[in-house]
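**Student:** For reference, the structure I am asking about is given below.
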Amino acid sequence: MSLIVCRDLVKTYHLGEMEVRALRGVSLTIEAGDCVAVMGASGSGKSTLMNILGCLDVPTSGTYALEGTDVSTLGGSRLAEIRNQKIGFVFQSFNLIPRTTARENVQLPLFYRGMPAGEQRVLAARALQRVGLADREHHHPSQLSGGQQQRVAIARALVTSPAIILADEPTGNLDSQASREIMDTLTQLNREGITIILVTHEADIARYAHRIIMMKDGVIQSDRPAGDMFGARPAPQEAGA
Amino acid sequence: MNFLLMTVLVAFRVLGRNRMRSILTMLGIIIGVGAVIAMVSIGEGAKAAVQAQIASFGTNVITILPWATTTSGVRSGHGGAVTLTIGDMEELRKIPGVTDVGWARRDAMQIVHENKNWFTTVNGVTPGYLVIRGWSTVSGDFFTQADTETAAQGALIGQSVAENLFGPGEDPVGATIRLKNIPFKVVGKLIAKGYDTRGSDQDDVVFIPFSTAERKVMGTRFMGSIGAGFLSAETPEEMASIVDEVKRVLRQRHKLRPNQDDDFTVRNQLDTAKIQEGTSESMKLLLLAVASISLLVGGIGIMNILLVSVTERTREIGIRMAVGAKRRHILLQFLVEAVVLSALGGLIGVGVGVAGAKVASNIAGWPAIISGDILVIAFGFSALVGVFFGLYPANKASRLNPIEALRYE
């Protein structure tokens, strides 16, 4: 069974009188353990696809099966549960809650699971350790560098042991050094078995993936192994270096 | 439960971050609750004081005053004619439910003790009157029925009279005072009763036996006429029927025709109490209105600041939704913040109200009665205000679209 199976996804928005067709029939299968980059110019539909894959939105038509469950018709409450259990998000602008410590940010998904506070703390500390921030547990986001903030966000994404981590332009707000570190962290997690879907418009970032899907005007333009486009992947550095 | 507790903790932390804003938001509730508690406590104190005054008149007392006679259209005042007699009162004693009967006559005169003198009201009374009006002595004793029959020259003096005729700490019992140059032996000093409902000093009084007053001090145009009669009923419930019976007996004894007015007035102590109760009822309604308005204003303040907070924290709401918060989680979070604000405001308001009542009662010299009920009600109501006014902002927050919320700048 494939992790993600999408059939003919269509998403139509209504902006006043105008009808915007963001997705015009996308079919796609992603296997567990893969690392996929979704590329495309702005307006290509990659963000819409990401929102649907992340269960933040539902398609207008078509089906989306996540681990064999059809999630394309679920209501808001069930989608929230799926997001909580199966999906970790990493955003371009980090999206940490301000004036709240790194560990508490990481605990957030566990909090909504109703997990006892003690257990939350143990798992959050472990996740921060995995991204190399064991000594920054009590720092607020404003006391951390951009790269460190993004690693807190990655820790928050992986603390629930999700099926997928969805990273939307994870390095968009970072310098090249920090970008490399974040990508190394993500590829390290991928090697440990977590499926990663990257949404990016930067070729440098996309080449960390195994497979690259190019989107244009709401449809998949091309879908092929990364090696075909860029040659060999760059040698990964140690995660959290 | 665990989740709710953690939500409360988070709410406290969020409100703590904007401490000044939170305090200002709570101010409306604090003032509202504080004002209600202070006013109700002072009002209750005043009510109790008035009730004590009414009670100081005696228990279940019915007063009968001889009414003005109408002589060719000219009416004189109360006590202006001899329309009420000892014979009437002896007849009224037979009415079932009447426990005591007494009567009195009064006159204002100068009284003298050694080199001091004082102008006061002298009442000629029967022992029954003293019992009905609830008098007792702090020293000495009442004059007896025998004293009344022999027109003995014994006097009971009130505390105010004692203060004016005798030195501090001096026991007046046994001393001789002179009324209209007639010597009276002071047989007892009365307890203090304070002011009555009309504001006159009940302790500025001298009691002498009725017969003595009639025969030796005041004189009379008609033996056996009295200034006022008093009855006490066994229970408050019987008072109305006794009043009716008193009227019937007196009309019959005075041979009044059906078309003639009463030549007497009967007053029921309960009526006075009822008027007081009516006053405090309308006072309560007024307080309730004031309380509702201030809590309404406080609630709107909370709603306002919460709407600002929802807008400010749109992105945070988006993040929470992305990591798995359901609508009800977000709803609960903002609702709890509203309730924490209003309940905390209510709690502080209770403190402020209690302190305010104490201060006001010290300044006004008026007792404040703080009942636990009003504290609980005021606090509960303020928490309810939080729920009511928090619902709209909380609902608004919970209906945000996570995608748009995450993108919000």
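For the structure tokens, the naming scheme is as follows: chains receive sequential letters (A, B, ...) according to their order of presentation, residues are indexed from 1 within each chain, and ligands are indexed from 1 in presentation order.
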Could you list, as a ChimeraX atom specification, every residue within 9 Å of Ile348 (chain B), counting only C-alpha atoms and ignoring same-chain residues fewer than 4 positions away?

**Tutor:** /B:26,29-30,33-34,343-344,352-353

**Student:** Could you give me, as a tab-separated table, a per-residue list for chain B showing, wherever an atom lies at most 10 Å from an atom of chain A, the closest pair of atoms and their distance in Å to one decimal, using only C-alpha atoms and sorting by chain then residue number from low to high?

**Tutor:**
```
residue	atom	partner	partner_atom	distance
B:Met1	CA	A:Gly114	CA	9.6
B:Asn2	CA	A:Pro116	CA	7.5
B:Phe3	CA	A:Gly114	CA	6.2
B:Leu4	CA	A:Gly114	CA	9.9
B:Met6	CA	A:Ala117	CA	8.6
B:Thr7	CA	A:Phe111	CA	9.7
B:Arg13	CA	A:Thr100	CA	9.7
B:Val14	CA	A:Arg99	CA	9.4
B:Arg17	CA	A:Arg99	CA	8.7
B:Arg313	CA	A:Ile97	CA	9.2
B:Arg315	CA	A:Asn95	CA	7.7
B:Glu316	CA	A:Ile97	CA	5.9
B:Ile317	CA	A:Ile97	CA	9.3
B:Gly318	CA	A:Asn95	CA	9.0
B:Ile319	CA	A:Asn95	CA	6.6
B:Arg320	CA	A:Leu108	CA	7.4
B:Met321	CA	A:Ala80	CA	6.9
B:Ala322	CA	A:Arg83	CA	6.7
B:Val323	CA	A:Pro109	CA	5.1
B:Gly324	CA	A:Asn84	CA	4.2
B:Ala325	CA	A:Tyr112	CA	5.8
B:Lys326	CA	A:Ser77	CA	5.5
B:Arg327	CA	A:Ser77	CA	7.0
B:Arg328	CA	A:Ser77	CA	8.8
B:His329	CA	A:Tyr112	CA	7.9
B:Asn401	CA	A:Leu56	CA	8.7
B:Pro402	CA	A:Leu56	CA	6.7
B:Ile403	CA	A:Leu56	CA	6.6
B:Leu406	CA	A:Asn95	CA	7.8
B:Arg407	CA	A:Ser93	CA	9.4
```

**Student:** Take the selection from the previous step and output its residues with N, CA and C atoms, as a CSV table (one decimal), in the first residue's frame.

**Tutor:**
```csv
chain,number,residue,atom,x,y,z
B,1,MET,N,-10.3,17.1,31.6
B,1,MET,CA,-10.0,17.9,32.8
B,1,MET,C,-8.5,18.3,32.7
B,2,ASN,N,-7.7,17.4,32.4
B,2,ASN,CA,-6.3,17.8,32.3
B,2,ASN,C,-6.1,18.9,31.2
B,3,PHE,N,-6.8,18.7,30.1
B,3,PHE,CA,-6.8,19.7,29.0
B,3,PHE,C,-7.3,21.0,29.5
B,4,LEU,N,-8.4,21.0,30.2
B,4,LEU,CA,-9.0,22.3,30.7
B,4,LEU,C,-8.0,23.0,31.6
B,6,MET,N,-4.8,22.8,31.7
B,6,MET,CA,-3.7,23.3,31.0
B,6,MET,C,-4.1,24.6,30.2
B,7,THR,N,-5.3,24.5,29.7
B,7,THR,CA,-5.8,25.7,29.0
B,7,THR,C,-5.9,26.9,29.9
B,13,ARG,N,-1.1,32.7,31.5
B,13,ARG,CA,0.2,33.2,31.0
B,13,ARG,C,0.0,34.2,29.9
B,14,VAL,N,-0.9,34.0,29.0
B,14,VAL,CA,-1.2,34.9,27.9
B,14,VAL,C,-1.7,36.3,28.5
B,17,ARG,N,1.1,38.3,30.1
B,17,ARG,CA,2.0,39.0,29.1
B,17,ARG,C,1.6,40.4,28.9
B,313,ARG,N,-3.5,37.5,17.3
B,313,ARG,CA,-3.0,36.1,17.4
B,313,ARG,C,-3.5,35.2,16.3
B,315,ARG,N,-2.2,34.3,13.5
B,315,ARG,CA,-1.2,33.4,13.1
B,315,ARG,C,-1.1,32.2,14.1
B,316,GLU,N,-1.1,32.6,15.3
B,316,GLU,CA,-0.9,31.6,16.4
B,316,GLU,C,-2.1,30.6,16.3
B,317,ILE,N,-3.3,31.1,16.0
B,317,ILE,CA,-4.5,30.2,15.9
B,317,ILE,C,-4.2,29.3,14.7
B,318,GLY,N,-3.7,29.9,13.6
B,318,GLY,CA,-3.4,29.0,12.4
B,318,GLY,C,-2.4,27.9,12.7
B,319,ILE,N,-1.4,28.3,13.5
B,319,ILE,CA,-0.4,27.3,13.9
B,319,ILE,C,-1.0,26.2,14.7
B,320,ARG,N,-1.8,26.6,15.7
B,320,ARG,CA,-2.4,25.6,16.6
B,320,ARG,C,-3.3,24.7,15.8
B,321,MET,N,-4.1,25.3,14.8
B,321,MET,CA,-4.9,24.4,13.9
B,321,MET,C,-4.1,23.5,13.1
B,322,ALA,N,-3.0,23.9,12.6
B,322,ALA,CA,-2.1,23.1,11.7
B,322,ALA,C,-1.6,21.9,12.5
B,323,VAL,N,-1.3,22.1,13.7
B,323,VAL,CA,-0.7,21.0,14.5
B,323,VAL,C,-1.8,20.1,15.2
B,324,GLY,N,-3.1,20.4,14.9
B,324,GLY,CA,-4.1,19.5,15.3
B,324,GLY,C,-5.1,20.0,16.3
B,325,ALA,N,-5.2,21.3,16.5
B,325,ALA,CA,-6.2,21.9,17.4
B,325,ALA,C,-7.5,21.8,16.6
B,326,LYS,N,-8.6,21.3,17.3
B,326,LYS,CA,-9.9,21.3,16.7
B,326,LYS,C,-10.6,22.7,17.0
B,327,ARG,N,-11.7,22.9,16.3
B,327,ARG,CA,-12.5,24.1,16.5
B,327,ARG,C,-12.7,24.3,18.0
B,328,ARG,N,-13.2,23.2,18.7
B,328,ARG,CA,-13.6,23.4,20.1
B,328,ARG,C,-12.4,23.7,21.0
B,329,HIS,N,-11.2,23.3,20.6
B,329,HIS,CA,-10.0,23.6,21.4
B,329,HIS,C,-9.7,25.1,21.3
B,401,ASN,N,-10.1,30.1,9.0
B,401,ASN,CA,-9.6,29.1,8.1
B,401,ASN,C,-8.1,28.9,8.3
B,402,PRO,N,-7.6,27.7,8.6
B,402,PRO,CA,-6.2,27.6,9.0
B,402,PRO,C,-5.2,28.1,7.9
B,403,ILE,N,-5.5,27.9,6.7
B,403,ILE,CA,-4.6,28.3,5.6
B,403,ILE,C,-4.5,29.8,5.6
B,406,LEU,N,-2.6,31.0,8.8
B,406,LEU,CA,-1.2,30.8,8.7
B,406,LEU,C,-0.5,31.9,7.9
B,407,ARG,N,-1.2,32.4,6.9
B,407,ARG,CA,-0.6,33.4,6.0
B,407,ARG,C,-0.7,34.8,6.5
```

**Student:** If you count only C-alpha atoms, which residues fall within 6 Å of region 217-231 of chain B, apart from same-chain ones fewer than 4 positions away, as a PyMOL selection string?

**Tutor:** chain B and resi 61-65+79+82+84-86+100-105+213

**Student:** Take the selection from the previous step and output its residues with N, CA and C atoms, as an mmCIF file, in the first residue's frame.

**Tutor:**
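Result saved to again13.cif:
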```
data_model
loop_
_atom_site.group_PDB
_atom_site.id
_atom_site.type_symbol
_atom_site.label_atom_id
_atom_site.label_comp_id
_atom_site.auth_asym_id
_atom_site.auth_seq_id
_atom_site.Cartn_x
_atom_site.Cartn_y
_atom_site.Cartn_z
ATOM 1 N N VAL B 61 -47.037 45.247 68.556
ATOM 2 C CA VAL B 61 -47.750 46.290 69.288
ATOM 3 C C VAL B 61 -48.845 46.912 68.429
ATOM 4 N N ILE B 62 -50.028 47.071 69.019
ATOM 5 C CA ILE B 62 -51.117 47.810 68.373
ATOM 6 C C ILE B 62 -51.334 49.070 69.214
ATOM 7 N N THR B 63 -51.315 50.211 68.557
ATOM 8 C CA THR B 63 -51.464 51.481 69.269
ATOM 9 C C THR B 63 -52.846 52.068 68.968
ATOM 10 N N ILE B 64 -53.515 52.562 69.993
ATOM 11 C CA ILE B 64 -54.823 53.195 69.791
ATOM 12 C C ILE B 64 -54.734 54.629 70.287
ATOM 13 N N LEU B 65 -55.069 55.571 69.404
ATOM 14 C CA LEU B 65 -55.020 56.977 69.776
ATOM 15 C C LEU B 65 -56.438 57.526 69.712
ATOM 16 N N GLY B 79 -55.507 63.056 70.706
ATOM 17 C CA GLY B 79 -55.508 63.305 72.141
ATOM 18 C C GLY B 79 -56.235 64.582 72.511
ATOM 19 N N VAL B 82 -61.535 63.536 75.099
ATOM 20 C CA VAL B 82 -61.569 62.370 75.979
ATOM 21 C C VAL B 82 -62.400 61.265 75.345
ATOM 22 N N LEU B 84 -61.126 58.226 74.578
ATOM 23 C CA LEU B 84 -60.603 56.894 74.893
ATOM 24 C C LEU B 84 -60.417 56.830 76.408
ATOM 25 N N THR B 85 -60.947 55.748 76.994
ATOM 26 C CA THR B 85 -60.912 55.678 78.457
ATOM 27 C C THR B 85 -60.341 54.355 78.929
ATOM 28 N N ILE B 86 -60.063 54.321 80.229
ATOM 29 C CA ILE B 86 -59.575 53.081 80.851
ATOM 30 C C ILE B 86 -60.617 51.984 80.669
ATOM 31 N N ASP B 100 -51.231 41.577 76.404
ATOM 32 C CA ASP B 100 -51.070 42.618 77.419
ATOM 33 C C ASP B 100 -51.819 43.871 76.996
ATOM 34 N N VAL B 101 -52.228 44.637 77.981
ATOM 35 C CA VAL B 101 -52.911 45.900 77.723
ATOM 36 C C VAL B 101 -52.266 46.963 78.615
ATOM 37 N N GLY B 102 -52.049 48.137 78.046
ATOM 38 C CA GLY B 102 -51.473 49.222 78.848
ATOM 39 C C GLY B 102 -51.934 50.543 78.287
ATOM 40 N N TRP B 103 -51.769 51.590 79.061
ATOM 41 C CA TRP B 103 -52.126 52.917 78.550
ATOM 42 C C TRP B 103 -51.220 53.983 79.137
ATOM 43 N N ALA B 104 -51.302 55.136 78.533
ATOM 44 C CA ALA B 104 -50.383 56.189 78.941
ATOM 45 C C ALA B 104 -50.987 57.559 78.680
ATOM 46 N N ARG B 105 -50.431 58.555 79.394
ATOM 47 C CA ARG B 105 -50.724 59.974 79.148
ATOM 48 C C ARG B 105 -49.407 60.668 79.211
ATOM 49 N N ALA B 213 -49.973 60.364 87.694
ATOM 50 C CA ALA B 213 -49.991 61.425 86.691
ATOM 51 C C ALA B 213 -51.371 62.056 86.616
#
```

**Student:** Near Val71 (chain A), counting only C-alpha atoms, which residues have an atom at most 10 Å away, once you skip same-chain residues fewer than 2 positions from it, shown as a JSON list (two decimals) with N, CA, C and O atoms, in the first residue's frame?

**Tutor:**
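For reference, part_25.json as written:
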```json
[["chain", "number", "residue", "atom", "x", "y", "z"],
["A", 52, "ILE", "N", -3.68, 20.50, 0.42],
["A", 52, "ILE", "CA", -4.54, 19.31, 0.38],
["A", 52, "ILE", "C", -3.80, 18.10, 0.95],
["A", 52, "ILE", "O", -4.33, 17.37, 1.79],
["A", 53, "LEU", "N", -2.52, 17.93, 0.54],
["A", 53, "LEU", "CA", -1.73, 16.80, 1.06],
["A", 53, "LEU", "C", -1.58, 16.93, 2.58],
["A", 53, "LEU", "O", -1.52, 15.93, 3.28],
["A", 55, "CYS", "N", -3.78, 18.07, 4.57],
["A", 55, "CYS", "CA", -5.10, 17.99, 5.19],
["A", 55, "CYS", "C", -5.55, 19.31, 5.81],
["A", 55, "CYS", "O", -6.33, 19.34, 6.76],
["A", 58, "VAL", "N", -9.57, 20.52, 1.60],
["A", 58, "VAL", "CA", -10.05, 19.34, 0.89],
["A", 58, "VAL", "C", -10.24, 19.69, -0.59],
["A", 58, "VAL", "O", -10.53, 20.83, -0.93],
["A", 59, "PRO", "N", -10.04, 18.69, -1.50],
["A", 59, "PRO", "CA", -10.20, 18.99, -2.93],
["A", 59, "PRO", "C", -11.66, 19.21, -3.30],
["A", 59, "PRO", "O", -12.56, 18.71, -2.62],
["A", 63, "THR", "N", -9.93, 12.11, -5.29],
["A", 63, "THR", "CA", -9.76, 11.42, -4.01],
["A", 63, "THR", "C", -8.32, 11.52, -3.54],
["A", 63, "THR", "O", -7.39, 11.64, -4.34],
["A", 64, "TYR", "N", -8.16, 11.48, -2.23],
["A", 64, "TYR", "CA", -6.84, 11.51, -1.62],
["A", 64, "TYR", "C", -6.85, 10.47, -0.50],
["A", 64, "TYR", "O", -7.59, 10.62, 0.48],
["A", 65, "ALA", "N", -6.08, 9.40, -0.68],
["A", 65, "ALA", "CA", -5.98, 8.36, 0.34],
["A", 65, "ALA", "C", -4.63, 8.49, 1.04],
["A", 65, "ALA", "O", -3.59, 8.50, 0.40],
["A", 66, "LEU", "N", -4.69, 8.66, 2.35],
["A", 66, "LEU", "CA", -3.47, 8.75, 3.16],
["A", 66, "LEU", "C", -3.42, 7.50, 4.03],
["A", 66, "LEU", "O", -4.33, 7.26, 4.82],
["A", 67, "GLU", "N", -2.37, 6.70, 3.81],
["A", 67, "GLU", "CA", -2.23, 5.39, 4.49],
["A", 67, "GLU", "C", -3.52, 4.57, 4.34],
["A", 67, "GLU", "O", -4.00, 3.96, 5.29],
["A", 68, "GLY", "N", -4.12, 4.61, 3.14],
["A", 68, "GLY", "CA", -5.29, 3.81, 2.86],
["A", 68, "GLY", "C", -6.62, 4.42, 3.28],
["A", 68, "GLY", "O", -7.67, 3.90, 2.98],
["A", 69, "THR", "N", -6.57, 5.56, 4.01],
["A", 69, "THR", "CA", -7.82, 6.21, 4.44],
["A", 69, "THR", "C", -8.14, 7.35, 3.49],
["A", 69, "THR", "O", -7.29, 8.20, 3.22],
["A", 73, "THR", "N", -12.92, 13.66, 1.98],
["A", 73, "THR", "CA", -14.30, 14.06, 2.28],
["A", 73, "THR", "C", -14.50, 14.28, 3.78],
["A", 73, "THR", "O", -15.63, 14.46, 4.23],
["A", 74, "LEU", "N", -13.42, 14.29, 4.55],
["A", 74, "LEU", "CA", -13.57, 14.39, 6.00],
["A", 74, "LEU", "C", -13.92, 15.81, 6.44],
["A", 74, "LEU", "O", -13.60, 16.79, 5.77],
["A", 75, "GLY", "N", -14.53, 15.90, 7.60],
["A", 75, "GLY", "CA", -14.88, 17.20, 8.18],
["A", 75, "GLY", "C", -13.71, 17.79, 8.94],
["A", 75, "GLY", "O", -12.67, 17.14, 9.14],
["A", 78, "ARG", "N", -12.17, 15.83, 12.05],
["A", 78, "ARG", "CA", -11.40, 14.63, 11.70],
["A", 78, "ARG", "C", -10.09, 15.01, 11.02],
["A", 78, "ARG", "O", -9.06, 14.38, 11.26],
["A", 79, "LEU", "N", -10.14, 16.04, 10.16],
["A", 79, "LEU", "CA", -8.91, 16.50, 9.50],
["A", 79, "LEU", "C", -7.89, 16.97, 10.54],
["A", 79, "LEU", "O", -6.69, 16.71, 10.41],
["A", 82, "ILE", "N", -6.21, 13.98, 11.88],
["A", 82, "ILE", "CA", -5.24, 13.42, 10.93],
["A", 82, "ILE", "C", -3.97, 14.26, 10.92],
["A", 82, "ILE", "O", -2.85, 13.72, 10.95]]
```

**Student:** Could you list, as JSON, numbers by chain, every residue within 12 Å of Arg126 (chain A), counting only C-alpha atoms and ignoring same-chain residues fewer than 6 positions away?

**Tutor:** {"A": [103, 106, 107, 119, 120, 132, 133, 134, 135, 137, 152, 155, 156, 158, 159, 160, 161]}

**Student:** Which residues are close to region 223-227 of chain A, i.e. within 10 Å by only C-alpha atoms, leaving aside same-chain residues fewer than 3 positions away? Reply as a list in words.

**Tutor:**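 Near neighbours after the sequence-gap exclusion: Leu28, Cys35, Val36, Ala37, Val38, Ala206, Arg207, Tyr208, Ala209, His210, Arg211, Ile212, Ile213, Met214, Met215, Ile220, Phe230, Gly231, Ala232 and Arg233 of chain A.
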
**Student:** Deliver the residues from the most recent selection as a file, using all heavy atoms, as a compact mmCIF listing (two decimals), in the first residue's frame.

**Tutor:**
```txt
# COMPACT_ATOMS: atom_id res chain seq x y z
N LEU A 28 -1.26 11.30 -8.29
CA LEU A 28 0.10 11.15 -7.79
C LEU A 28 0.15 10.09 -6.70
O LEU A 28 -0.80 9.94 -5.93
CB LEU A 28 0.54 12.53 -7.31
CG LEU A 28 1.30 12.85 -6.09
CD1 LEU A 28 2.73 13.11 -6.54
CD2 LEU A 28 0.76 14.13 -5.49
N CYS A 35 11.51 10.88 -0.53
CA CYS A 35 11.74 12.29 -0.31
C CYS A 35 11.44 12.98 -1.63
O CYS A 35 12.17 12.81 -2.60
CB CYS A 35 13.19 12.53 0.14
SG CYS A 35 13.56 14.26 0.45
N VAL A 36 10.33 13.71 -1.64
CA VAL A 36 9.82 14.25 -2.89
C VAL A 36 9.87 15.78 -2.85
O VAL A 36 9.52 16.38 -1.84
CB VAL A 36 8.35 13.81 -3.11
CG1 VAL A 36 7.81 14.33 -4.44
CG2 VAL A 36 8.25 12.28 -3.05
N ALA A 37 10.31 16.39 -3.93
CA ALA A 37 10.25 17.85 -4.04
C ALA A 37 9.17 18.21 -5.02
O ALA A 37 9.09 17.65 -6.11
CB ALA A 37 11.59 18.40 -4.49
N VAL A 38 8.32 19.16 -4.65
CA VAL A 38 7.31 19.68 -5.57
C VAL A 38 7.79 21.07 -5.97
O VAL A 38 8.02 21.92 -5.11
CB VAL A 38 5.92 19.76 -4.91
CG1 VAL A 38 4.91 20.34 -5.89
CG2 VAL A 38 5.48 18.38 -4.44
N ALA A 206 15.69 21.51 -4.16
CA ALA A 206 15.00 20.35 -4.75
C ALA A 206 15.95 19.18 -4.96
O ALA A 206 15.56 18.03 -4.85
CB ALA A 206 14.34 20.76 -6.05
N ARG A 207 17.24 19.47 -5.21
CA ARG A 207 18.16 18.38 -5.52
C ARG A 207 18.47 17.49 -4.32
O ARG A 207 19.07 16.44 -4.47
CB ARG A 207 19.44 18.91 -6.17
CG ARG A 207 20.21 19.85 -5.29
CD ARG A 207 21.23 20.63 -6.08
NE ARG A 207 22.20 19.75 -6.71
CZ ARG A 207 23.10 20.16 -7.58
NH1 ARG A 207 23.12 21.44 -7.95
NH2 ARG A 207 23.98 19.34 -8.09
N TYR A 208 18.05 17.92 -3.11
CA TYR A 208 18.20 17.03 -1.95
C TYR A 208 17.19 15.88 -2.02
O TYR A 208 17.33 14.88 -1.35
CB TYR A 208 17.96 17.80 -0.64
CG TYR A 208 19.12 18.67 -0.20
CD1 TYR A 208 19.27 19.96 -0.65
CD2 TYR A 208 20.08 18.14 0.70
CE1 TYR A 208 20.33 20.75 -0.25
CE2 TYR A 208 21.15 18.93 1.11
CZ TYR A 208 21.28 20.23 0.64
OH TYR A 208 22.32 21.00 1.04
N ALA A 209 16.13 16.06 -2.82
CA ALA A 209 15.07 15.05 -2.89
C ALA A 209 15.46 13.90 -3.82
O ALA A 209 16.41 13.99 -4.60
CB ALA A 209 13.78 15.69 -3.39
N HIS A 210 14.70 12.80 -3.69
CA HIS A 210 14.93 11.66 -4.58
C HIS A 210 14.14 11.83 -5.86
O HIS A 210 14.46 11.26 -6.87
CB HIS A 210 14.46 10.35 -3.92
CG HIS A 210 15.10 10.08 -2.60
ND1 HIS A 210 14.49 9.36 -1.60
CD2 HIS A 210 16.30 10.46 -2.10
CE1 HIS A 210 15.26 9.30 -0.55
NE2 HIS A 210 16.38 9.97 -0.83
N ARG A 211 13.06 12.56 -5.78
CA ARG A 211 12.10 12.61 -6.87
C ARG A 211 11.58 14.03 -6.97
O ARG A 211 11.33 14.67 -5.95
CB ARG A 211 10.97 11.63 -6.52
CG ARG A 211 9.79 11.63 -7.46
CD ARG A 211 8.76 10.68 -6.89
NE ARG A 211 7.48 10.86 -7.54
CZ ARG A 211 6.36 10.31 -7.12
NH1 ARG A 211 6.35 9.58 -6.01
NH2 ARG A 211 5.23 10.51 -7.77
N ILE A 212 11.47 14.51 -8.19
CA ILE A 212 11.04 15.90 -8.36
C ILE A 212 9.80 15.96 -9.23
O ILE A 212 9.76 15.39 -10.32
CB ILE A 212 12.18 16.73 -8.97
CG1 ILE A 212 13.33 16.79 -7.95
CG2 ILE A 212 11.70 18.14 -9.33
CD1 ILE A 212 14.58 17.44 -8.46
N ILE A 213 8.77 16.64 -8.66
CA ILE A 213 7.53 16.81 -9.41
C ILE A 213 7.45 18.28 -9.81
O ILE A 213 7.51 19.16 -8.96
CB ILE A 213 6.32 16.42 -8.55
CG1 ILE A 213 6.38 14.92 -8.21
CG2 ILE A 213 5.01 16.78 -9.24
CD1 ILE A 213 5.40 14.48 -7.16
N MET A 214 7.35 18.55 -11.09
CA MET A 214 7.23 19.92 -11.59
C MET A 214 5.75 20.21 -11.84
O MET A 214 5.07 19.44 -12.51
CB MET A 214 8.00 20.10 -12.91
CG MET A 214 9.50 20.07 -12.77
SD MET A 214 10.16 21.51 -11.93
CE MET A 214 9.78 22.78 -13.12
N MET A 215 5.28 21.33 -11.29
CA MET A 215 3.88 21.71 -11.50
C MET A 215 3.83 22.93 -12.40
O MET A 215 4.68 23.82 -12.33
CB MET A 215 3.21 22.09 -10.17
CG MET A 215 3.18 21.01 -9.11
SD MET A 215 1.70 20.01 -9.12
CE MET A 215 0.39 21.19 -9.18
N ILE A 220 0.54 18.39 -13.26
CA ILE A 220 1.92 17.94 -13.14
C ILE A 220 2.55 17.96 -14.52
O ILE A 220 2.05 17.35 -15.47
CB ILE A 220 1.99 16.52 -12.52
CG1 ILE A 220 1.51 16.58 -11.07
CG2 ILE A 220 3.40 15.95 -12.61
CD1 ILE A 220 1.41 15.23 -10.39
N PHE A 230 19.51 16.60 -11.97
CA PHE A 230 20.67 17.31 -11.40
C PHE A 230 21.92 16.47 -11.27
O PHE A 230 22.94 16.94 -10.81
CB PHE A 230 20.33 17.82 -9.99
CG PHE A 230 19.11 18.68 -9.95
CD1 PHE A 230 17.97 18.26 -9.29
CD2 PHE A 230 19.11 19.92 -10.59
CE1 PHE A 230 16.85 19.06 -9.25
CE2 PHE A 230 17.99 20.72 -10.53
CZ PHE A 230 16.86 20.30 -9.87
N GLY A 231 21.83 15.23 -11.64
CA GLY A 231 22.97 14.36 -11.39
C GLY A 231 22.98 13.95 -9.93
O GLY A 231 21.94 13.94 -9.27
N ALA A 232 24.15 13.63 -9.39
CA ALA A 232 24.26 13.09 -8.04
C ALA A 232 23.82 14.11 -6.99
O ALA A 232 23.98 15.31 -7.19
CB ALA A 232 25.69 12.65 -7.76
N ARG A 233 23.26 13.60 -5.86
CA ARG A 233 22.87 14.50 -4.76
C ARG A 233 24.13 14.99 -4.06
O ARG A 233 25.13 14.29 -4.02
CB ARG A 233 22.02 13.74 -3.74
CG ARG A 233 20.74 13.21 -4.32
CD ARG A 233 20.06 12.31 -3.31
NE ARG A 233 19.48 13.10 -2.23
CZ ARG A 233 19.08 12.58 -1.08
NH1 ARG A 233 19.22 11.30 -0.85
NH2 ARG A 233 18.55 13.34 -0.15
```

**Student:** Among the residues of region 243-397 of chain B, find those DSSP assigns to helix (DSSP H, G or I) from the backbone and print them as a ChimeraX atom specification.

**Tutor:** /B:243-253,269-312,314-322,327-364,372-397

**Student:** Need the shell around region 165-179 of chain B: protein/DNA/RNA residues with any atom at most 7 Å away, counting only C-alpha atoms. Skip same-chain ones fewer than 3 positions apart. Format as an NGL selection string?

**Tutor:** :B and (110-113 or 116-118 or 140 or 161-162 or 182-189)

**Student:** At what distance in Å, to one decimal, does CA of Ser309 (chain B) lie from CA of Arg399 (chain B)?

**Tutor:**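 One can read the CA of Arg399 (chain B) to CA of Ser309 (chain B) distance as 14.9 Å.
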
**Student:** Can you list every residue in region 129-229 of chain A that DSSP puts in strand (DSSP E or B), as a list in words?

**Tutor:**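 Going through region 129-229 of chain A, the strand (DSSP E or B) residues come out as Ile164, Ile165, Leu166, Ala167, Asp168, Thr195, Ile196, Ile197, Leu198, Val199, Thr200, Arg211, Ile212, Ile213, Met214, Met215, Lys216, Val219, Ile220, Gln221, Ser222, Asp223, Arg224 and Pro225 of chain A.
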